[in-house]
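target-v7.txt (compact mmCIF, C-alpha atoms) appears below.
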```txt
# COMPACT_ATOMS: atom_id res chain seq x y z
CA MET W 1 127.44 82.82 48.77
CA TYR W 2 130.83 82.98 50.41
CA THR W 3 133.59 80.79 49.03
CA THR W 4 136.98 80.27 50.62
CA ASP W 5 138.86 82.06 47.87
CA GLN W 6 137.12 85.39 48.64
CA TYR W 7 138.66 88.26 50.58
CA GLU W 8 136.86 89.12 53.84
CA GLY W 9 137.27 92.15 56.04
CA VAL W 10 135.27 93.95 58.72
CA LEU W 11 135.89 97.29 60.40
CA ALA W 12 134.34 97.70 63.84
CA GLU W 13 134.62 100.62 66.21
CA THR W 14 132.80 102.92 68.61
CA ILE W 15 131.52 106.08 66.94
CA SER W 16 129.31 109.03 67.85
CA ILE W 17 125.99 109.57 66.10
CA ILE W 18 123.21 112.12 66.38
CA GLY W 19 120.28 110.69 68.28
CA HIS W 20 117.09 111.96 69.87
CA GLN W 21 116.68 115.76 69.82
CA GLY W 22 120.07 116.21 68.18
CA GLU W 23 121.96 114.75 71.12
CA THR W 24 125.14 112.78 70.63
CA VAL W 25 125.20 109.13 71.67
CA TYR W 26 127.79 106.43 71.21
CA ALA W 27 127.18 103.54 68.87
CA TYR W 28 129.06 100.39 67.92
CA PHE W 29 129.54 100.35 64.16
CA ALA W 30 130.67 97.35 62.15
CA ARG W 31 130.80 97.19 58.38
CA PRO W 32 132.27 95.06 55.66
CA LEU W 33 135.36 96.46 54.01
CA GLY W 34 134.88 97.40 50.39
CA ALA W 35 133.01 100.01 48.41
CA GLY W 36 129.58 98.42 48.72
CA PRO W 37 126.87 99.30 48.25
CA PHE W 38 125.65 97.49 51.38
CA PRO W 39 122.27 97.34 53.12
CA GLY W 40 122.14 98.59 56.70
CA VAL W 41 120.80 97.20 59.96
CA VAL W 42 120.27 99.08 63.22
CA LEU W 43 120.41 96.92 66.35
CA ALA W 44 118.18 97.88 69.29
CA HIS W 45 119.89 96.30 72.28
CA HIS W 46 118.06 94.36 74.96
CA MET W 47 117.34 95.15 78.60
CA PRO W 48 120.76 93.86 79.79
CA GLY W 49 122.21 96.73 77.84
CA TRP W 50 124.85 97.61 75.30
CA ASP W 51 126.67 94.43 76.13
CA GLU W 52 128.98 91.80 74.71
CA TRP W 53 126.16 89.84 73.04
CA TYR W 54 125.04 92.91 71.11
CA LYS W 55 128.58 93.80 70.07
CA GLU W 56 128.97 90.25 68.75
CA ALA W 57 125.60 90.43 67.00
CA THR W 58 126.67 93.71 65.36
CA LEU W 59 129.79 91.97 64.04
CA ARG W 60 127.67 89.08 62.84
CA PHE W 61 125.52 91.37 60.71
CA ALA W 62 128.66 93.02 59.30
CA ARG W 63 130.14 89.64 58.39
CA GLN W 64 126.88 88.88 56.58
CA GLY W 65 127.33 91.99 54.44
CA TYR W 66 125.42 94.66 56.39
CA LEU W 67 126.39 98.08 57.64
CA ALA W 68 125.52 97.35 61.27
CA LEU W 69 125.03 100.00 63.93
CA CYS W 70 124.09 99.47 67.56
CA PRO W 71 123.49 102.71 69.49
CA ASN W 72 123.86 102.77 73.26
CA LEU W 73 120.26 103.45 74.28
CA TYR W 74 121.46 103.86 77.89
CA TYR W 75 124.01 106.53 76.98
CA ARG W 76 122.31 109.19 79.09
CA VAL W 77 122.15 106.89 82.14
CA GLY W 78 125.89 107.32 82.63
CA HIS W 79 128.98 105.25 82.04
CA GLY W 80 130.34 102.18 83.74
CA SER W 81 130.31 98.45 83.06
CA PRO W 82 127.40 97.48 80.77
CA GLU W 83 125.75 95.63 83.67
CA ASP W 84 126.03 98.54 86.10
CA VAL W 85 124.63 100.96 83.54
CA ALA W 86 121.79 98.58 82.61
CA ALA W 87 120.96 98.08 86.30
CA LYS W 88 120.59 101.82 86.69
CA ALA W 89 118.36 101.99 83.61
CA ARG W 90 116.28 99.14 85.04
CA ALA W 91 115.86 101.03 88.30
CA GLN W 92 114.73 104.14 86.41
CA GLY W 93 111.93 102.18 84.76
CA GLY W 94 113.72 101.79 81.44
CA VAL W 95 114.42 104.41 78.82
CA ASP W 96 111.85 106.85 77.57
CA ASP W 97 110.13 105.53 74.44
CA ASP W 98 110.44 108.84 72.56
CA GLN W 99 114.15 108.94 73.35
CA ALA W 100 114.75 105.35 72.22
CA VAL W 101 112.85 105.93 68.98
CA GLY W 102 114.81 109.14 68.38
CA ASP W 103 118.14 107.43 68.91
CA LEU W 104 117.20 104.50 66.66
CA ALA W 105 115.91 106.79 63.92
CA GLY W 106 119.16 108.73 64.16
CA ALA W 107 121.08 105.49 63.73
CA GLY W 108 118.98 104.65 60.68
CA ALA W 109 119.59 108.06 59.16
CA PHE W 110 123.33 107.70 59.76
CA LEU W 111 123.43 104.40 57.87
CA ARG W 112 121.25 105.60 55.02
CA GLY W 113 123.48 108.65 54.57
CA LEU W 114 126.69 106.69 54.13
CA PRO W 115 128.18 106.56 50.64
CA LEU W 116 128.47 102.81 51.18
CA SER W 117 124.71 102.43 51.66
CA ASN W 118 122.44 100.76 49.14
CA GLY W 119 119.64 102.99 50.39
CA LYS W 120 117.91 100.30 52.49
CA VAL W 121 118.02 100.03 56.28
CA GLY W 122 116.38 97.48 58.56
CA ILE W 123 116.10 97.30 62.33
CA PHE W 124 116.54 94.31 64.64
CA GLY W 125 115.95 93.98 68.35
CA THR W 126 115.46 91.40 71.06
CA CYS W 127 113.62 91.60 74.39
CA SER W 128 112.99 95.30 75.15
CA GLY W 129 114.94 95.95 71.95
CA GLY W 130 112.32 94.04 69.98
CA ARG W 131 109.72 96.36 71.41
CA HIS W 132 111.85 99.42 70.64
CA ALA W 133 112.49 98.16 67.10
CA TYR W 134 108.76 97.75 66.54
CA LEU W 135 108.06 101.22 67.94
CA ALA W 136 110.73 102.80 65.75
CA ALA W 137 109.43 101.02 62.65
CA CYS W 138 105.90 102.21 63.37
CA ARG W 139 106.69 105.76 64.42
CA THR W 140 109.34 106.73 61.87
CA ALA W 141 110.01 106.26 58.17
CA ALA W 142 113.63 105.33 58.87
CA PHE W 143 113.35 101.60 58.18
CA ASP W 144 112.60 99.26 55.30
CA ALA W 145 112.22 96.07 57.38
CA VAL W 146 111.88 95.24 61.08
CA VAL W 147 112.76 92.12 63.09
CA ASP W 148 111.13 91.82 66.50
CA CYS W 149 112.56 88.94 68.52
CA TRP W 150 110.38 88.20 71.56
CA GLY W 151 109.75 91.86 72.31
CA GLY W 152 107.80 92.03 75.55
CA ARG W 153 105.10 94.60 76.29
CA VAL W 154 104.32 95.39 72.66
CA MET W 155 100.81 95.04 73.97
CA MET W 156 100.42 97.01 77.21
CA SER W 157 97.43 97.32 79.47
CA ASP W 158 96.47 100.76 80.77
CA GLU W 159 97.93 99.76 84.16
CA GLU W 160 101.32 99.11 82.58
CA LEU W 161 101.61 102.53 80.94
CA THR W 162 104.09 104.93 82.54
CA PRO W 163 105.28 108.47 81.76
CA ARG W 164 108.28 106.91 80.00
CA GLN W 165 106.16 104.38 78.12
CA PRO W 166 102.85 106.23 77.75
CA VAL W 167 101.39 104.40 74.72
CA SER W 168 101.07 100.70 74.00
CA PRO W 169 103.19 100.00 70.87
CA LEU W 170 100.30 97.98 69.48
CA ASN W 171 98.39 101.24 69.08
CA TYR W 172 100.92 102.39 66.47
CA THR W 173 100.45 99.30 64.29
CA GLN W 174 98.38 101.16 61.74
CA ASP W 175 101.46 103.29 60.98
CA LEU W 176 103.79 100.34 60.35
CA ALA W 177 105.01 100.89 56.81
CA CYS W 178 107.61 98.15 56.37
CA PRO W 179 107.59 94.32 56.47
CA LEU W 180 107.83 92.72 59.93
CA LEU W 181 109.45 89.44 61.01
CA GLY W 182 108.58 88.21 64.50
CA LEU W 183 110.36 85.33 66.26
CA PHE W 184 108.86 84.03 69.50
CA GLY W 185 109.01 81.09 71.91
CA GLU W 186 106.01 79.14 73.11
CA GLU W 187 107.31 79.11 76.69
CA ASP W 188 107.86 82.85 76.94
CA SER W 189 106.01 84.79 79.62
CA SER W 190 106.62 88.19 77.98
CA PRO W 191 105.27 88.08 75.34
CA THR W 192 103.00 85.14 75.93
CA PRO W 193 101.76 83.15 72.91
CA GLU W 194 98.33 84.67 73.57
CA GLN W 195 99.75 88.19 73.32
CA VAL W 196 101.59 87.29 70.11
CA ALA W 197 98.33 85.92 68.67
CA LEU W 198 96.54 89.18 69.49
CA HIS W 199 99.35 91.16 67.90
CA GLU W 200 99.09 88.98 64.79
CA ARG W 201 95.34 89.49 64.67
CA GLU W 202 95.86 93.26 64.63
CA LEU W 203 98.47 93.01 61.85
CA LYS W 204 96.07 90.92 59.80
CA ARG W 205 93.19 93.28 60.41
CA LEU W 206 95.26 96.21 59.19
CA GLY W 207 96.61 94.33 56.16
CA LYS W 208 100.26 94.57 57.19
CA THR W 209 103.07 92.54 55.64
CA TYR W 210 104.48 90.25 58.30
CA GLU W 211 105.62 86.75 59.16
CA PHE W 212 105.54 85.36 62.68
CA HIS W 213 107.25 82.18 63.83
CA MET W 214 106.41 80.61 67.17
CA TYR W 215 109.01 78.07 68.28
CA PRO W 216 108.12 75.11 70.48
CA ASN W 217 110.42 74.22 73.40
CA ALA W 218 111.76 77.78 73.51
CA GLY W 219 111.18 80.67 75.86
CA HIS W 220 112.51 84.19 76.15
CA GLY W 221 115.92 84.90 74.66
CA PHE W 222 116.55 81.60 72.89
CA PHE W 223 119.33 83.20 70.76
CA TYR W 224 121.47 83.95 73.84
CA GLN W 225 124.19 81.32 73.82
CA HIS W 226 125.51 82.49 77.20
CA ARG W 227 122.18 81.96 79.00
CA PRO W 228 120.27 78.81 80.06
CA ASN W 229 117.38 79.78 77.76
CA TYR W 230 119.55 79.17 74.68
CA ARG W 231 117.94 76.69 72.28
CA GLN W 232 120.36 75.57 69.61
CA GLU W 233 117.95 74.23 67.00
CA GLN W 234 115.50 77.12 67.29
CA ALA W 235 118.29 79.71 67.31
CA VAL W 236 119.91 78.34 64.15
CA ASP W 237 116.57 78.29 62.37
CA GLY W 238 115.72 81.77 63.67
CA TRP W 239 118.96 83.31 62.43
CA ASN W 240 118.42 81.68 59.05
CA LYS W 241 114.90 83.04 58.79
CA LEU W 242 116.13 86.46 59.88
CA PHE W 243 118.84 86.72 57.22
CA THR W 244 116.51 85.37 54.54
CA PHE W 245 113.93 88.00 55.49
CA LEU W 246 116.42 90.87 55.55
CA GLY W 247 118.01 89.77 52.28
CA LYS W 248 114.61 89.72 50.63
CA HIS W 249 113.64 93.19 51.78
CA LEU W 250 116.94 95.07 51.97
CA LEU W 251 118.64 93.86 48.82
CA ALA W 252 115.70 93.93 46.41
CA GLY W 253 115.20 97.29 44.71
CA ALA W 254 118.33 98.78 46.24
CA ARG W 255 120.06 101.62 44.47
CA MET T 1 112.95 96.40 80.38
CA CYS T 2 110.63 93.50 80.03
CA SER T 3 108.62 93.35 83.25
CA MET T 4 109.06 96.97 84.35
CA ILE T 5 108.50 95.88 87.95
CA ALA T 6 110.97 98.12 89.77
CA GLU T 7 110.99 100.10 93.00
CA GLN T 8 113.56 102.34 94.66
CA ILE T 9 113.90 103.17 98.35
CA LYS T 10 116.30 105.38 100.26
CA ILE T 11 118.53 103.45 102.63
CA ASP T 12 121.33 104.10 105.08
CA GLY T 13 124.29 101.77 105.39
CA CYS T 14 127.45 100.56 103.69
CA GLY T 15 128.15 98.07 100.97
CA LYS T 16 131.29 96.44 99.65
CA GLY T 17 131.63 96.74 95.88
CA ALA T 18 134.41 96.13 93.38
CA GLY T 19 136.34 99.11 94.73
CA GLY T 20 135.83 98.39 98.44
CA TRP T 21 133.39 99.76 100.98
CA PHE T 22 131.18 102.75 100.16
CA ASP T 23 128.15 104.50 101.62
CA LEU T 24 124.80 103.18 100.39
CA ARG T 25 122.04 105.66 99.66
CA GLU T 26 119.47 103.77 97.61
CA ALA T 27 118.22 100.22 97.05
CA ASP T 28 116.74 99.34 93.67
CA VAL T 29 114.45 96.34 93.85
CA SER T 30 113.13 94.78 90.64
CA TYR T 31 111.62 91.58 89.33
CA ASP T 32 113.07 91.47 85.84
CA HIS T 33 115.79 89.78 83.82
CA PRO T 34 118.92 89.06 85.87
CA PHE T 35 122.38 89.45 84.39
CA ASN T 36 123.86 86.25 85.78
CA ALA T 37 121.40 84.12 87.78
CA PRO T 38 120.11 81.24 85.63
CA PHE T 39 116.46 82.39 85.63
CA GLU T 40 114.35 84.23 83.07
CA HIS T 41 113.34 86.65 85.82
CA ALA T 42 114.79 87.19 89.27
CA LEU T 43 114.26 89.34 92.32
CA ASN T 44 117.13 91.76 91.84
CA ILE T 45 118.40 94.09 94.53
CA ASP T 46 120.99 96.71 93.65
CA PHE T 47 122.38 98.51 96.68
CA VAL T 48 123.73 101.72 95.19
CA ASN T 49 124.93 105.25 95.74
CA GLU T 50 123.66 107.16 92.73
CA SER T 51 125.82 110.17 93.48
CA MET T 52 128.89 107.99 92.85
CA GLY T 53 127.82 106.76 89.39
CA PRO T 54 126.57 103.41 88.03
CA GLY T 55 129.61 101.51 89.30
CA ALA T 56 128.76 102.09 92.98
CA ARG T 57 126.61 98.98 93.14
CA VAL T 58 126.34 95.82 95.19
CA ALA T 59 124.09 93.41 93.34
CA VAL T 60 122.18 90.26 94.24
CA GLU T 61 119.88 88.24 91.98
CA LEU T 62 117.60 85.84 93.82
CA SER T 63 114.92 83.32 92.97
CA ALA T 64 111.47 84.40 94.10
CA GLU T 65 111.51 81.72 96.81
CA ALA T 66 114.90 82.77 98.10
CA ALA T 67 113.85 86.43 98.11
CA ARG T 68 110.72 85.73 100.14
CA GLU T 69 112.72 83.66 102.63
CA LEU T 70 115.31 86.42 102.89
CA ALA T 71 112.65 89.07 103.49
CA LEU T 72 111.02 87.00 106.24
CA THR T 73 114.40 86.27 107.81
CA ILE T 74 115.35 89.94 107.84
CA LEU T 75 112.09 90.83 109.56
CA ALA T 76 112.42 87.96 112.06
CA THR T 77 115.97 88.98 112.86
CA LEU T 78 114.92 92.57 113.45
CA ASP T 79 112.07 91.38 115.69
CA ARG T 80 114.56 89.43 117.82
CA ALA T 81 116.87 92.43 117.98
CA GLU T 82 114.00 94.68 118.99
CA ALA T 83 112.87 92.19 121.62
CA GLY T 84 116.41 92.12 122.99
CA GLY T 85 116.55 95.89 123.22
CA PHE T 86 119.26 96.24 120.59
CA LEU T 87 117.46 98.52 118.16
CA ASN T 88 118.21 102.21 118.12
CA LYS T 89 121.73 101.52 119.42
CA ARG T 90 124.19 102.50 116.69
```

Hey, can you dump this file as structure tokens for me?
Amino acid sequence: MYTTDQYEGVLAETISIIGHQGETVYAYFARPLGAGPFPGVVLAHHMPGWDEWYKEATLRFARQGYLALCPNLYYRVGHGSPEDVAAKARAQGGVDDDQAVGDLAGAGAFLRGLPLSNGKVGIFGTCSGGRHAYLAACRTAAFDAVVDCWGGRVMMSDEELTPRQPVSPLNYTQDLACPLLGLFGEEDSSPTPEQVALHERELKRLGKTYEFHMYPNAGHGFFYQHRPNYRQEQAVDGWNKLFTFLGKHLLAGAR
Amino acid sequence: MCSMIAEQIKIDGCGKGAGGWFDLREADVSYDHPFNAPFEHALNIDFVNESMGPGARVAVELSAEAARELALTILATLDRAEAGGFLNKR
């Protein structure tokens, strides 16, 4: 627990990391000052892009004692304001799932390889980032815990599949090898409570370690303090549950 | 993306962006999360010129009702122009 007589320090900067197929992408990296060892968290940004909210969230994880790394999943779309770049990604039908997973796994490998690392790395994402975080946790061995906040289209119908998103993430659930925390809102339309219930049923069937929380009076994006969907009470509780979950799984058994 | 409902068409015209007027080449139409409009989803239209990079963009984010009304109004306006013999005169 922090007390006011402790020293605090955070270093935050843009760096380059190796992502999908060995390609370089930019990432926002924030870490506590000190020798560590620290657990790591990769942040999978949401549909609105590598934006101010995600930079602030990266800092928040660092201030909580995590090596926090948020890769720009739209790096290959081009450069401009975060909104302009995200709009172009939206028009292209989003990023390729393989590419996103490759970039996120690269971010995880970067954190795990740091001398400051305690050997444990989690992944967090909201909106499309929640979906990407779930995909990365299922399809790679890069992560020791995953937090999916209202990730839409984890369950996709055949009609929703595209060349960029060719497989419903739910189909990879059998490969999920780390604990999962899911935070959702009852008023969300993507994912709906019915879709979350079906996802939970599959996790149960496969004997996965997970905890889901469905918040009343909340919809999509209830953490976003700059948007009308922000819900103060649910957001505070959600952040608390998130840090409790990550602390449990990323600090225990660390090297 | 959360809804993945997005379409692109080729267009011909001009738009005024942050840097002034530029030639428009494409319009990206989506029903997905807006960046600024206070809705969970919006009908978003990005008038762009992809050859000029992501910044060559004129954006609108509309409620579904407003978008339908706009679409009908555009068509009605073009019908009047056609009836008046104004179309095909550039």

Legend entry - Long-range neighbours of segment 56-64 of chain T as a PyMOL selection string, 6 Å cut-off, all atoms listed in the file, 5 positions minimum in chain: chain T and resi 17+42-49

Inset, instruction - Using only C-alpha atoms, give me every residue within 12 Å of (97.0, 94.6, 75.6) in file coordinates, as a list in words. - result: Gly152, Arg153, Val154, Met155, Met156, Ser157, Asp158, Glu159, Glu160, Leu161, Val167, Ser168, Pro169, Leu170, Asn171, Ser190, Pro191, Thr192, Glu194, Gln195, Val196, Ala197, Leu198, His199 and Glu202 of chain W

Report as a tab-separated table the residues of chain T within 6 Å of chain W, each with its shortest atom pair and distance in Å (one decimal), using all atoms listed in the file, ordered by chain and increasing residue number.
```
residue	atom	partner	partner_atom	distance
T:Met1	CA	W:Met47	CA	4.9
T:Cys2	CA	W:Gly152	CA	5.5
T:Met4	CA	W:Gly93	CA	6.0
T:Ala6	CA	W:Ala91	CA	5.9
T:Asp28	CA	W:Ala91	CA	5.7
T:Pro54	CA	W:Asp84	CA	5.3
T:Gly55	CA	W:Asp84	CA	5.6
```

Legend entry - Interatomic distance (Å, one decimal) between atom CA of Gly65 of chain W and atom CA of Asp103 of chain W: 23.1 Å

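When only C-alpha atoms are used to measure the gap to Ile11 of chain T, the shortest distance among T:Glu65, T:Glu40, T:Asp23, T:Glu82 belongs to T:Asp23.
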
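Nearest-residue note for Tyr210 of chain W: choosing from W:Tyr28, W:Phe61, W:Tyr230, W:Tyr134, the minimum distance belongs to W:Tyr134, counting all atoms listed in the file.
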
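Going from atom CA of Cys70 of chain W to atom CA of Gln234 of chain W covers 23.9 Å.
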
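Taking atom CA of Leu69 of chain W as the reference point, atom CA of His41 of chain T is found at 28.2 Å.
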
Inset, instruction - In the coordinates of the file, take the point (129.8, 92.7, 63.8) and a cut-off of 10 Å; then, counting all atoms listed in the file, name each qualifying protein, DNA or RNA residue as a list in words. - result: Val10, Leu11, Ala12, Glu13, Tyr28, Phe29, Ala30, Arg31, Pro32, Tyr54, Lys55, Glu56, Ala57, Thr58, Leu59, Arg60, Phe61, Ala62, Arg63, Gln64, Gly65, Tyr66, Leu67, Ala68, Leu69 and Cys70 of chain W

Legend entry - Leu111 of chain W surroundings by all atoms listed in the file, 12 Å radius, close-in-sequence under 4 positions cut, as JSON, numbers by chain: {"W": [17, 18, 27, 29, 30, 31, 37, 38, 39, 40, 41, 42, 43, 66, 67, 68, 69, 70, 71, 104, 105, 106, 107, 115, 116, 117, 118, 119, 120, 121, 122, 123, 142, 143]}

Inset, instruction - Would you kindly return, as a ChimeraX atom specification, each protein, DNA or RNA residue with an atom no farther than 9 Å from any atom of Leu242 of chain W, considering all atoms listed in the file and excluding same-chain residues fewer than 5 positions away? - result: /W:147,181,183,237,247

Have segment 40-50 of chain T completed to all heavy atoms, please, and pass it along as an mmCIF file, in the frame of the given file.
```cif
data_model
loop_
_atom_site.group_PDB
_atom_site.id
_atom_site.type_symbol
_atom_site.label_atom_id
_atom_site.label_comp_id
_atom_site.auth_asym_id
_atom_site.auth_seq_id
_atom_site.Cartn_x
_atom_site.Cartn_y
_atom_site.Cartn_z
ATOM 1 N N GLU T 40 114.852 83.234 84.020
ATOM 2 C CA GLU T 40 114.350 84.230 83.070
ATOM 3 C C GLU T 40 114.104 85.562 83.782
ATOM 4 O O GLU T 40 114.392 86.635 83.258
ATOM 5 C CB GLU T 40 113.067 83.725 82.409
ATOM 6 C CG GLU T 40 112.528 84.664 81.342
ATOM 7 C CD GLU T 40 111.323 84.082 80.623
ATOM 8 O OE1 GLU T 40 111.266 82.849 80.460
ATOM 9 O OE2 GLU T 40 110.432 84.866 80.235
ATOM 10 N N HIS T 41 113.521 85.483 84.975
ATOM 11 C CA HIS T 41 113.340 86.650 85.820
ATOM 12 C C HIS T 41 113.867 86.338 87.206
ATOM 13 O O HIS T 41 113.866 85.177 87.628
ATOM 14 C CB HIS T 41 111.861 87.046 85.918
ATOM 15 C CG HIS T 41 111.261 87.486 84.620
ATOM 16 N ND1 HIS T 41 110.553 86.635 83.804
ATOM 17 C CD2 HIS T 41 111.278 88.685 83.983
ATOM 18 C CE1 HIS T 41 110.156 87.296 82.719
ATOM 19 N NE2 HIS T 41 110.582 88.531 82.798
ATOM 20 N N ALA T 42 114.287 87.371 87.914
ATOM 21 C CA ALA T 42 114.790 87.190 89.270
ATOM 22 C C ALA T 42 114.396 88.400 90.110
ATOM 23 O O ALA T 42 114.048 89.463 89.567
ATOM 24 C CB ALA T 42 116.303 87.022 89.269
ATOM 25 N N LEU T 43 114.420 88.205 91.423
ATOM 26 C CA LEU T 43 114.260 89.340 92.320
ATOM 27 C C LEU T 43 115.647 89.958 92.464
ATOM 28 O O LEU T 43 116.546 89.361 93.072
ATOM 29 C CB LEU T 43 113.692 88.872 93.669
ATOM 30 C CG LEU T 43 113.212 89.932 94.667
ATOM 31 C CD1 LEU T 43 114.350 90.727 95.286
ATOM 32 C CD2 LEU T 43 112.206 90.904 94.020
ATOM 33 N N ASN T 44 115.816 91.108 91.862
ATOM 34 C CA ASN T 44 117.130 91.760 91.840
ATOM 35 C C ASN T 44 117.155 92.899 92.846
ATOM 36 O O ASN T 44 116.222 93.699 92.900
ATOM 37 C CB ASN T 44 117.405 92.329 90.448
ATOM 38 C CG ASN T 44 117.154 91.308 89.354
ATOM 39 O OD1 ASN T 44 117.872 90.319 89.246
ATOM 40 N ND2 ASN T 44 116.135 91.538 88.539
ATOM 41 N N ILE T 45 118.203 92.940 93.639
ATOM 42 C CA ILE T 45 118.400 94.090 94.530
ATOM 43 C C ILE T 45 119.762 94.692 94.201
ATOM 44 O O ILE T 45 120.777 93.989 94.221
ATOM 45 C CB ILE T 45 118.372 93.698 96.013
ATOM 46 C CG1 ILE T 45 117.122 92.868 96.344
ATOM 47 C CG2 ILE T 45 118.412 94.960 96.897
ATOM 48 C CD1 ILE T 45 117.119 92.318 97.765
ATOM 49 N N ASP T 46 119.746 95.967 93.862
ATOM 50 C CA ASP T 46 120.990 96.710 93.650
ATOM 51 C C ASP T 46 121.109 97.726 94.771
ATOM 52 O O ASP T 46 120.306 98.662 94.852
ATOM 53 C CB ASP T 46 120.962 97.425 92.299
ATOM 54 C CG ASP T 46 120.969 96.449 91.135
ATOM 55 O OD1 ASP T 46 121.784 95.507 91.164
ATOM 56 O OD2 ASP T 46 120.158 96.622 90.208
ATOM 57 N N PHE T 47 122.080 97.527 95.639
ATOM 58 C CA PHE T 47 122.380 98.510 96.680
ATOM 59 C C PHE T 47 123.344 99.512 96.050
ATOM 60 O O PHE T 47 124.436 99.125 95.611
ATOM 61 C CB PHE T 47 123.016 97.826 97.885
ATOM 62 C CG PHE T 47 122.138 96.787 98.522
ATOM 63 C CD1 PHE T 47 122.318 95.436 98.257
ATOM 64 C CD2 PHE T 47 121.123 97.149 99.399
ATOM 65 C CE1 PHE T 47 121.513 94.471 98.837
ATOM 66 C CE2 PHE T 47 120.313 96.196 99.996
ATOM 67 C CZ PHE T 47 120.503 94.849 99.710
ATOM 68 N N VAL T 48 122.941 100.765 95.972
ATOM 69 C CA VAL T 48 123.730 101.720 95.190
ATOM 70 C C VAL T 48 123.908 103.045 95.932
ATOM 71 O O VAL T 48 123.277 103.308 96.964
ATOM 72 C CB VAL T 48 123.046 102.014 93.819
ATOM 73 C CG1 VAL T 48 122.871 100.732 93.019
ATOM 74 C CG2 VAL T 48 121.699 102.705 93.996
ATOM 75 N N ASN T 49 124.789 103.850 95.355
ATOM 76 C CA ASN T 49 124.930 105.250 95.740
ATOM 77 C C ASN T 49 124.947 106.034 94.436
ATOM 78 O O ASN T 49 125.986 106.110 93.766
ATOM 79 C CB ASN T 49 126.221 105.480 96.533
ATOM 80 C CG ASN T 49 126.328 106.899 97.051
ATOM 81 O OD1 ASN T 49 125.878 107.844 96.397
ATOM 82 N ND2 ASN T 49 126.932 107.058 98.210
ATOM 83 N N GLU T 50 123.791 106.549 94.055
ATOM 84 C CA GLU T 50 123.660 107.160 92.730
ATOM 85 C C GLU T 50 124.594 108.335 92.529
ATOM 86 O O GLU T 50 125.008 108.615 91.403
ATOM 87 C CB GLU T 50 122.208 107.587 92.491
ATOM 88 C CG GLU T 50 121.261 106.402 92.312
ATOM 89 C CD GLU T 50 119.935 106.803 91.711
ATOM 90 O OE1 GLU T 50 119.567 107.990 91.809
ATOM 91 O OE2 GLU T 50 119.267 105.924 91.145
#
```
